[in-house]
Structure formats: C-alpha cells, structure tokens
Amino acid sequence: QQQVKQSPQSLIVQKGGISIINCAYENTAFDYFPWYQQFPGKGPALLIAIRPDVSEKKEGRFTISFNKSAKQFSLHIMDSQPGDSATYFCAAWNSGNTPLVFGKGTRLSVIA
Amino acid sequence: DTGVSQNPRHKITKRGQNVTFRCDPISEHNRLYWYRQTLGQGPEFLTYFQNEAQLEKSRLLSDRFSAERPKGSFSTLEIQRTEQGDSAMYLCASSLIYIIGTIYFGEGSWLTVV
C-alpha cells in the first residue's frame, strides 16, 4: 500500500501566486518529512524538511506546514516563479528503519 | 563536482540481455541506496548498503536483480535477463549515517528494454 499519499497530481499556478501541495501519511512512526524537487532528466534534490515536533518550517519562499494530529503536511511555495516548474515529491522516514518512502509526485507548472 | 555519479546515464538493451549500472557515492558517505523510478511515479526503494553490507532489500528486487558494494565505495546494480517491465530510471543515492533522513541522489540511469 502507498505509505505517503500526495495531491494534486498536477498543478498550474500563475507567476507570483502560491503553490500548495499536500501529503498524508498513516504510519505514526515516521519522524522526518522531507520534500524533494526534481527537474526533467535529473535526480530528486532535497528542498526542505521538517520534524513532527514543529508545526511549520520556512526557508525562503518555501514553507512546510505540519499537522501531527491529522497526519498531514504540505508544501507552500510563495511568489511562485517559472523556474519553480518541476515535480515535487513529499517523503517520510522512520529513523528506526529505512528507507525513505516517497509520494507519487506533483507536477507544478508556473505560467507567466 | 563531488555529487553522486551514475553510469551509464542511458542504456537501451534488448529483452533478455544483462545490464549493469554503476554508482559512485559522495565521498565518505557510508550509506548507499538504489531506487527505481518510472514515469509519473515517485522513487521506489530497491536496496541499501551500509559500508559494504547490504542491509535491506525490497520485494521489488527480484532474483534477476543483484547489487554489490564490494569495498564500501562504489556500487553496481545488475539486472539479468531484462524484461520490458524493467524499463525505468535507476537512481542511486548516498548519505551519512548520522545525518538523519537526508539522502543525495545522482542523476539516474535510464534503462529502456526493447
């Protein structure tokens, strides 16, 4: 079964708008939640990550919001730019176990 | 550039042939992972090594797949008797044991089985 469910599959956002991608998980043993960004023909690259002891983490235009009780977390991209157009993957990790498990990805297109 | 390096980047092979991919991790990284990614999907875990020991294998890793990391440095992933369903991008990643959850991916090796 899929351990991390990600939505939407694809997203089109106007330049300057806010992009929001959501993920949900079931396994309460997960204790680390990264987001990866992948451009065509490239491997995924770590973008930002959060632990469940905080509800929000911000790095530049990228923010993770985390809701432990709902077992959900989301990525917000503020002031979205065409260069942000990529596929984004949420992931989850249990520090007592491997491996990192990934959602199915969201293809983001930022249009001018 | 001292990132994760994978070779070859692209491989086209006929069904039934064997293929081998090589991964050179970031220097000093103890852990090395292999993932598989198909179009429109997230990376799926195949196996990982801690130094030279293979510690976990996914059930996705059939008997036709074998991975090695002989000296705890580079790793190879061999697929024997390839099938069309093996067509995918094979991603290698590496990490340090004590850096929790942060793994660094290479650019992947694309396999097309015809």
# chains A, B, ... in the order shown; residues from 1 in each chain; ligands from 1
>>> closest_atom_pairs(of="chain A", to="chain B", cutoff="8 Å", atoms="only C-alpha atoms", output="CSV")
residue,atom,partner,partner_atom,distance
A:Tyr32,CA,B:Gly101,CA,6.7
A:Pro34,CA,B:Gly101,CA,7.9
A:Gly41,CA,B:Glu107,CA,7.1
A:Lys42,CA,B:Glu107,CA,4.7
A:Gly43,CA,B:Glu107,CA,4.2
A:Pro44,CA,B:Phe105,CA,6.1
A:Ala45,CA,B:Phe105,CA,6.6
A:Leu46,CA,B:Tyr104,CA,7.3
A:Phe89,CA,B:Gly42,CA,6.8
A:Trp93,CA,B:Gly101,CA,6.3
A:Ser95,CA,B:Ile100,CA,6.9
A:Pro99,CA,B:Phe45,CA,6.7
A:Leu100,CA,B:Gly101,CA,7.0
A:Val101,CA,B:Glu44,CA,7.2
A:Phe102,CA,B:Gly42,CA,5.6
A:Gly103,CA,B:Gly42,CA,5.7
A:Lys104,CA,B:Gly42,CA,4.4
A:Gly105,CA,B:Gly42,CA,5.8
>>> write_last_selection(atoms="all heavy atoms", output="tab-separated table (two decimals), in the first residue's frame")
chain	number	residue	atom	x	y	z
A	32	TYR	N	10.40	12.13	10.20
A	32	TYR	CA	11.15	13.09	9.39
A	32	TYR	C	10.45	13.18	8.05
A	32	TYR	O	10.15	12.15	7.44
A	32	TYR	CB	12.59	12.61	9.23
A	32	TYR	CG	13.49	13.54	8.46
A	32	TYR	CD1	14.02	14.69	9.05
A	32	TYR	CD2	13.85	13.26	7.15
A	32	TYR	CE1	14.85	15.53	8.34
A	32	TYR	CE2	14.69	14.09	6.45
A	32	TYR	CZ	15.18	15.23	7.04
A	32	TYR	OH	16.01	16.07	6.34
A	34	PRO	N	10.74	15.10	4.48
A	34	PRO	CA	11.39	16.00	3.52
A	34	PRO	C	10.55	16.18	2.26
A	34	PRO	O	9.67	15.36	1.95
A	34	PRO	CB	12.68	15.25	3.19
A	34	PRO	CG	12.32	13.80	3.35
A	34	PRO	CD	11.22	13.74	4.37
A	41	GLY	N	14.95	14.91	-16.31
A	41	GLY	CA	16.27	14.37	-16.60
A	41	GLY	C	17.26	14.43	-15.46
A	41	GLY	O	18.42	14.06	-15.61
A	42	LYS	N	16.80	14.88	-14.30
A	42	LYS	CA	17.67	15.00	-13.14
A	42	LYS	C	17.17	14.13	-12.00
A	42	LYS	O	16.00	13.73	-11.98
A	42	LYS	CB	17.73	16.45	-12.66
A	42	LYS	CG	18.21	17.43	-13.71
A	42	LYS	CD	19.67	17.24	-14.03
A	42	LYS	CE	20.18	18.34	-14.94
A	42	LYS	NZ	21.62	18.14	-15.29
A	43	GLY	N	18.04	13.85	-11.05
A	43	GLY	CA	17.59	13.16	-9.85
A	43	GLY	C	16.91	14.12	-8.89
A	43	GLY	O	17.10	15.34	-8.98
A	44	PRO	N	16.13	13.60	-7.96
A	44	PRO	CA	15.48	14.47	-6.97
A	44	PRO	C	16.52	15.15	-6.09
A	44	PRO	O	17.55	14.57	-5.77
A	44	PRO	CB	14.63	13.49	-6.15
A	44	PRO	CG	14.52	12.26	-6.98
A	44	PRO	CD	15.77	12.19	-7.79
A	45	ALA	N	16.22	16.39	-5.69
A	45	ALA	CA	17.12	17.14	-4.82
A	45	ALA	C	16.34	17.60	-3.60
A	45	ALA	O	15.20	18.08	-3.72
A	45	ALA	CB	17.72	18.33	-5.55
A	46	LEU	N	16.95	17.46	-2.43
A	46	LEU	CA	16.29	17.87	-1.19
A	46	LEU	C	16.01	19.36	-1.21
A	46	LEU	O	16.89	20.18	-1.49
A	46	LEU	CB	17.17	17.53	0.01
A	46	LEU	CG	16.62	17.92	1.37
A	46	LEU	CD1	15.36	17.15	1.69
A	46	LEU	CD2	17.67	17.70	2.46
A	89	PHE	N	8.12	15.98	-4.73
A	89	PHE	CA	7.79	14.75	-4.02
A	89	PHE	C	7.85	14.99	-2.52
A	89	PHE	O	8.85	15.53	-2.02
A	89	PHE	CB	8.78	13.64	-4.35
A	89	PHE	CG	8.76	13.20	-5.78
A	89	PHE	CD1	9.67	13.71	-6.70
A	89	PHE	CD2	7.84	12.26	-6.22
A	89	PHE	CE1	9.65	13.31	-8.03
A	89	PHE	CE2	7.82	11.85	-7.55
A	89	PHE	CZ	8.73	12.38	-8.45
A	93	TRP	N	10.17	9.36	6.59
A	93	TRP	CA	11.25	8.47	7.04
A	93	TRP	C	11.05	8.15	8.50
A	93	TRP	O	10.68	9.00	9.29
A	93	TRP	CB	12.59	9.18	6.82
A	93	TRP	CG	13.79	8.32	6.97
A	93	TRP	CD1	14.19	7.33	6.14
A	93	TRP	CD2	14.76	8.40	8.01
A	93	TRP	NE1	15.37	6.78	6.60
A	93	TRP	CE2	15.74	7.41	7.74
A	93	TRP	CE3	14.92	9.20	9.14
A	93	TRP	CZ2	16.84	7.21	8.55
A	93	TRP	CZ3	16.02	9.00	9.95
A	93	TRP	CH2	16.96	8.02	9.65
A	95	SER	N	13.19	7.00	11.58
A	95	SER	CA	14.60	6.93	11.93
A	95	SER	C	15.01	5.59	12.49
A	95	SER	O	16.19	5.27	12.55
A	95	SER	CB	14.95	8.04	12.92
A	95	SER	OG	14.15	7.93	14.07
A	99	PRO	N	13.46	2.38	4.33
A	99	PRO	CA	14.06	3.51	3.63
A	99	PRO	C	13.15	4.74	3.64
A	99	PRO	O	12.08	4.71	4.21
A	99	PRO	CB	14.13	2.95	2.21
A	99	PRO	CG	12.87	2.13	2.12
A	99	PRO	CD	12.64	1.53	3.49
A	100	LEU	N	13.61	5.78	3.00
A	100	LEU	CA	12.78	6.95	2.74
A	100	LEU	C	11.69	6.52	1.76
A	100	LEU	O	11.98	5.90	0.74
A	100	LEU	CB	13.66	8.01	2.12
A	100	LEU	CG	13.22	9.47	2.14
A	100	LEU	CD1	13.03	9.97	3.56
A	100	LEU	CD2	14.25	10.33	1.43
A	101	VAL	N	10.42	6.82	2.10
A	101	VAL	CA	9.33	6.48	1.18
A	101	VAL	C	8.77	7.75	0.59
A	101	VAL	O	8.62	8.76	1.27
A	101	VAL	CB	8.22	5.66	1.89
A	101	VAL	CG1	8.75	4.29	2.26
A	101	VAL	CG2	7.71	6.37	3.11
A	102	PHE	N	8.43	7.68	-0.69
A	102	PHE	CA	8.03	8.86	-1.44
A	102	PHE	C	6.57	8.82	-1.85
A	102	PHE	O	6.00	7.75	-2.08
A	102	PHE	CB	8.87	8.97	-2.72
A	102	PHE	CG	10.30	9.38	-2.48
A	102	PHE	CD1	11.25	8.44	-2.12
A	102	PHE	CD2	10.68	10.71	-2.62
A	102	PHE	CE1	12.56	8.81	-1.89
A	102	PHE	CE2	11.99	11.09	-2.40
A	102	PHE	CZ	12.93	10.15	-2.05
A	103	GLY	N	5.98	10.01	-1.96
A	103	GLY	CA	4.69	10.13	-2.61
A	103	GLY	C	4.87	10.01	-4.12
A	103	GLY	O	5.99	9.90	-4.62
A	104	LYS	N	3.74	10.06	-4.84
A	104	LYS	CA	3.81	9.86	-6.29
A	104	LYS	C	4.21	11.11	-7.05
A	104	LYS	O	4.47	11.04	-8.25
A	104	LYS	CB	2.47	9.34	-6.80
A	104	LYS	CG	2.18	7.92	-6.37
A	104	LYS	CD	1.00	7.34	-7.12
A	104	LYS	CE	0.86	5.85	-6.81
A	104	LYS	NZ	-0.22	5.23	-7.61
A	105	GLY	N	4.24	12.24	-6.39
A	105	GLY	CA	4.73	13.44	-7.03
A	105	GLY	C	3.63	14.37	-7.52
A	105	GLY	O	2.51	13.94	-7.82
>>> residues_around(residues="region 3-17 of chain A", least_positions_apart="4", cutoff="10 Å", atoms="only C-alpha atoms", output="ChimeraX atom specification")
/A:21-27,72-74,77-85,87-92,101-112 /B:40-41
>>> atom_distance(atom1="CA of Phe65 (chain B)", atom2="CA of Val113 (chain B)")
14.8 Å
>>> residues_around(residues="Gln50 (chain B)", least_positions_apart="2", cutoff="7 Å", atoms="only C-alpha atoms", output="list in words")
Asn30, Arg31, Leu32, Tyr48, Glu52, Ala53, Gln54 and Leu55 of chain B
>>> write_last_selection(atoms="all heavy atoms", output="mmCIF file, in the first residue's frame")
data_model
loop_
_atom_site.group_PDB
_atom_site.id
_atom_site.type_symbol
_atom_site.label_atom_id
_atom_site.label_comp_id
_atom_site.auth_asym_id
_atom_site.auth_seq_id
_atom_site.Cartn_x
_atom_site.Cartn_y
_atom_site.Cartn_z
ATOM 1 N N ASN B 30 28.539 6.724 4.101
ATOM 2 C CA ASN B 30 28.534 5.318 4.478
ATOM 3 C C ASN B 30 27.390 4.551 3.847
ATOM 4 O O ASN B 30 27.486 3.361 3.599
ATOM 5 C CB ASN B 30 28.375 5.141 5.999
ATOM 6 C CG ASN B 30 28.896 6.316 6.792
ATOM 7 O OD1 ASN B 30 28.222 7.369 6.860
ATOM 8 N ND2 ASN B 30 30.040 6.156 7.394
ATOM 9 N N ARG B 31 26.283 5.252 3.648
ATOM 10 C CA ARG B 31 25.102 4.554 3.130
ATOM 11 C C ARG B 31 24.918 4.844 1.649
ATOM 12 O O ARG B 31 25.119 5.972 1.190
ATOM 13 C CB ARG B 31 23.852 4.969 3.905
ATOM 14 C CG ARG B 31 23.827 4.363 5.289
ATOM 15 C CD ARG B 31 22.515 4.630 5.992
ATOM 16 N NE ARG B 31 22.458 3.912 7.268
ATOM 17 C CZ ARG B 31 21.542 4.100 8.188
ATOM 18 N NH1 ARG B 31 20.590 5.003 7.993
ATOM 19 N NH2 ARG B 31 21.538 3.397 9.299
ATOM 20 N N LEU B 32 24.488 3.804 0.943
ATOM 21 C CA LEU B 32 24.242 3.925 -0.489
ATOM 22 C C LEU B 32 22.927 3.217 -0.786
ATOM 23 O O LEU B 32 22.695 2.096 -0.325
ATOM 24 C CB LEU B 32 25.387 3.296 -1.294
ATOM 25 C CG LEU B 32 25.347 3.458 -2.813
ATOM 26 C CD1 LEU B 32 26.765 3.538 -3.368
ATOM 27 C CD2 LEU B 32 24.563 2.373 -3.480
ATOM 28 N N TYR B 48 19.621 -1.065 0.039
ATOM 29 C CA TYR B 48 20.619 -0.133 0.512
ATOM 30 C C TYR B 48 21.767 -0.850 1.205
ATOM 31 O O TYR B 48 21.630 -1.982 1.688
ATOM 32 C CB TYR B 48 20.003 0.956 1.387
ATOM 33 C CG TYR B 48 20.009 0.719 2.875
ATOM 34 C CD1 TYR B 48 20.996 1.285 3.683
ATOM 35 C CD2 TYR B 48 18.997 -0.017 3.480
ATOM 36 C CE1 TYR B 48 20.977 1.111 5.058
ATOM 37 C CE2 TYR B 48 18.976 -0.201 4.848
ATOM 38 C CZ TYR B 48 19.961 0.363 5.639
ATOM 39 O OH TYR B 48 19.941 0.189 7.002
ATOM 40 N N GLU B 52 29.966 -1.889 3.204
ATOM 41 C CA GLU B 52 29.864 -2.930 2.176
ATOM 42 C C GLU B 52 28.717 -3.903 2.427
ATOM 43 O O GLU B 52 28.440 -4.772 1.606
ATOM 44 C CB GLU B 52 31.183 -3.698 2.058
ATOM 45 C CG GLU B 52 31.574 -4.486 3.300
ATOM 46 C CD GLU B 52 32.341 -3.643 4.302
ATOM 47 O OE1 GLU B 52 32.388 -2.411 4.156
ATOM 48 O OE2 GLU B 52 32.875 -4.240 5.250
ATOM 49 N N ALA B 53 28.036 -3.754 3.545
ATOM 50 C CA ALA B 53 26.963 -4.689 3.892
ATOM 51 C C ALA B 53 25.625 -4.264 3.300
ATOM 52 O O ALA B 53 25.186 -3.127 3.478
ATOM 53 C CB ALA B 53 26.849 -4.785 5.414
ATOM 54 N N GLN B 54 24.980 -5.188 2.622
ATOM 55 C CA GLN B 54 23.638 -4.934 2.083
ATOM 56 C C GLN B 54 22.640 -5.217 3.198
ATOM 57 O O GLN B 54 22.440 -6.372 3.590
ATOM 58 C CB GLN B 54 23.374 -5.826 0.877
ATOM 59 C CG GLN B 54 22.093 -5.490 0.147
ATOM 60 C CD GLN B 54 21.948 -6.259 -1.168
ATOM 61 O OE1 GLN B 54 22.618 -7.274 -1.385
ATOM 62 N NE2 GLN B 54 21.100 -5.796 -2.059
ATOM 63 N N LEU B 55 22.002 -4.182 3.705
ATOM 64 C CA LEU B 55 21.193 -4.317 4.904
ATOM 65 C C LEU B 55 19.709 -4.549 4.660
ATOM 66 O O LEU B 55 19.015 -5.076 5.528
ATOM 67 C CB LEU B 55 21.367 -3.092 5.800
ATOM 68 C CG LEU B 55 22.769 -2.890 6.386
ATOM 69 C CD1 LEU B 55 22.769 -1.774 7.426
ATOM 70 C CD2 LEU B 55 23.305 -4.188 6.997
#
>>> select_by_dssp(residues="chain A", states="strand (DSSP E)", output="compact mmCIF listing (two decimals) with C-alpha atoms, in the first residue's frame")
# COMPACT_ATOMS: atom_id res chain seq x y z
CA VAL A 4 2.51 8.56 1.65
CA LYS A 5 -0.38 9.96 -0.38
CA GLN A 6 0.27 13.14 -2.31
CA SER A 7 -2.10 15.51 -4.06
CA SER A 10 -0.53 18.27 -11.28
CA LEU A 11 -0.84 21.96 -10.54
CA ILE A 12 -0.81 25.08 -12.68
CA VAL A 13 -0.13 28.36 -10.92
CA GLN A 14 0.24 31.89 -12.18
CA SER A 19 1.54 26.78 -4.91
CA ILE A 20 0.23 24.30 -2.35
CA ILE A 21 0.94 20.58 -2.38
CA ASN A 22 -0.47 18.23 0.23
CA CYS A 23 0.62 14.91 1.66
CA ALA A 24 -0.88 12.49 4.15
CA TYR A 25 0.59 9.51 5.93
CA PHE A 33 9.36 14.59 6.42
CA PRO A 34 11.39 16.00 3.52
CA TRP A 35 10.31 17.47 0.23
CA TYR A 36 12.29 16.82 -2.92
CA GLN A 37 12.31 18.78 -6.17
CA GLN A 38 13.01 17.08 -9.46
CA ALA A 45 17.12 17.14 -4.82
CA LEU A 46 16.29 17.87 -1.19
CA LEU A 47 14.34 21.11 -0.89
CA ILE A 48 13.22 21.42 2.71
CA ALA A 49 12.40 19.07 5.58
CA ILE A 50 10.56 19.09 8.90
CA GLU A 56 5.96 24.99 10.44
CA LYS A 57 9.34 25.48 8.83
CA LYS A 58 10.19 28.22 6.40
CA GLU A 59 13.16 28.55 4.07
CA PHE A 62 9.27 27.54 0.69
CA THR A 63 7.26 26.62 3.80
CA ILE A 64 6.27 23.25 5.21
CA SER A 65 3.17 23.15 7.38
CA PHE A 66 2.79 20.07 9.55
CA ASN A 67 -0.35 18.81 11.31
CA GLN A 72 -0.79 15.65 7.10
CA PHE A 73 1.86 18.02 5.85
CA SER A 74 2.01 20.45 2.99
CA LEU A 75 4.46 22.48 0.94
CA HIS A 76 3.69 26.09 0.18
CA ILE A 77 5.66 27.95 -2.47
CA ALA A 86 9.28 20.89 -11.61
CA THR A 87 7.95 17.75 -10.00
CA TYR A 88 7.75 17.83 -6.22
CA PHE A 89 7.79 14.75 -4.02
CA CYS A 90 6.92 14.53 -0.38
CA ALA A 91 8.61 11.77 1.56
CA ALA A 92 8.64 10.26 5.01
CA VAL A 101 9.33 6.48 1.18
CA PHE A 102 8.03 8.86 -1.44
CA THR A 106 3.09 16.67 -8.14
CA ARG A 107 4.00 18.25 -11.45
CA LEU A 108 3.98 22.01 -10.95
CA SER A 109 3.81 24.40 -13.86
CA VAL A 110 4.18 28.11 -13.15
CA ILE A 111 2.95 30.20 -16.04
>>> residues_around(residues="region 71-83 of chain B", least_positions_apart="2", cutoff="7 Å", atoms="only C-alpha atoms", output="PyMOL selection string")
chain B and resi 15-25+51-52+64-69+85-86+113
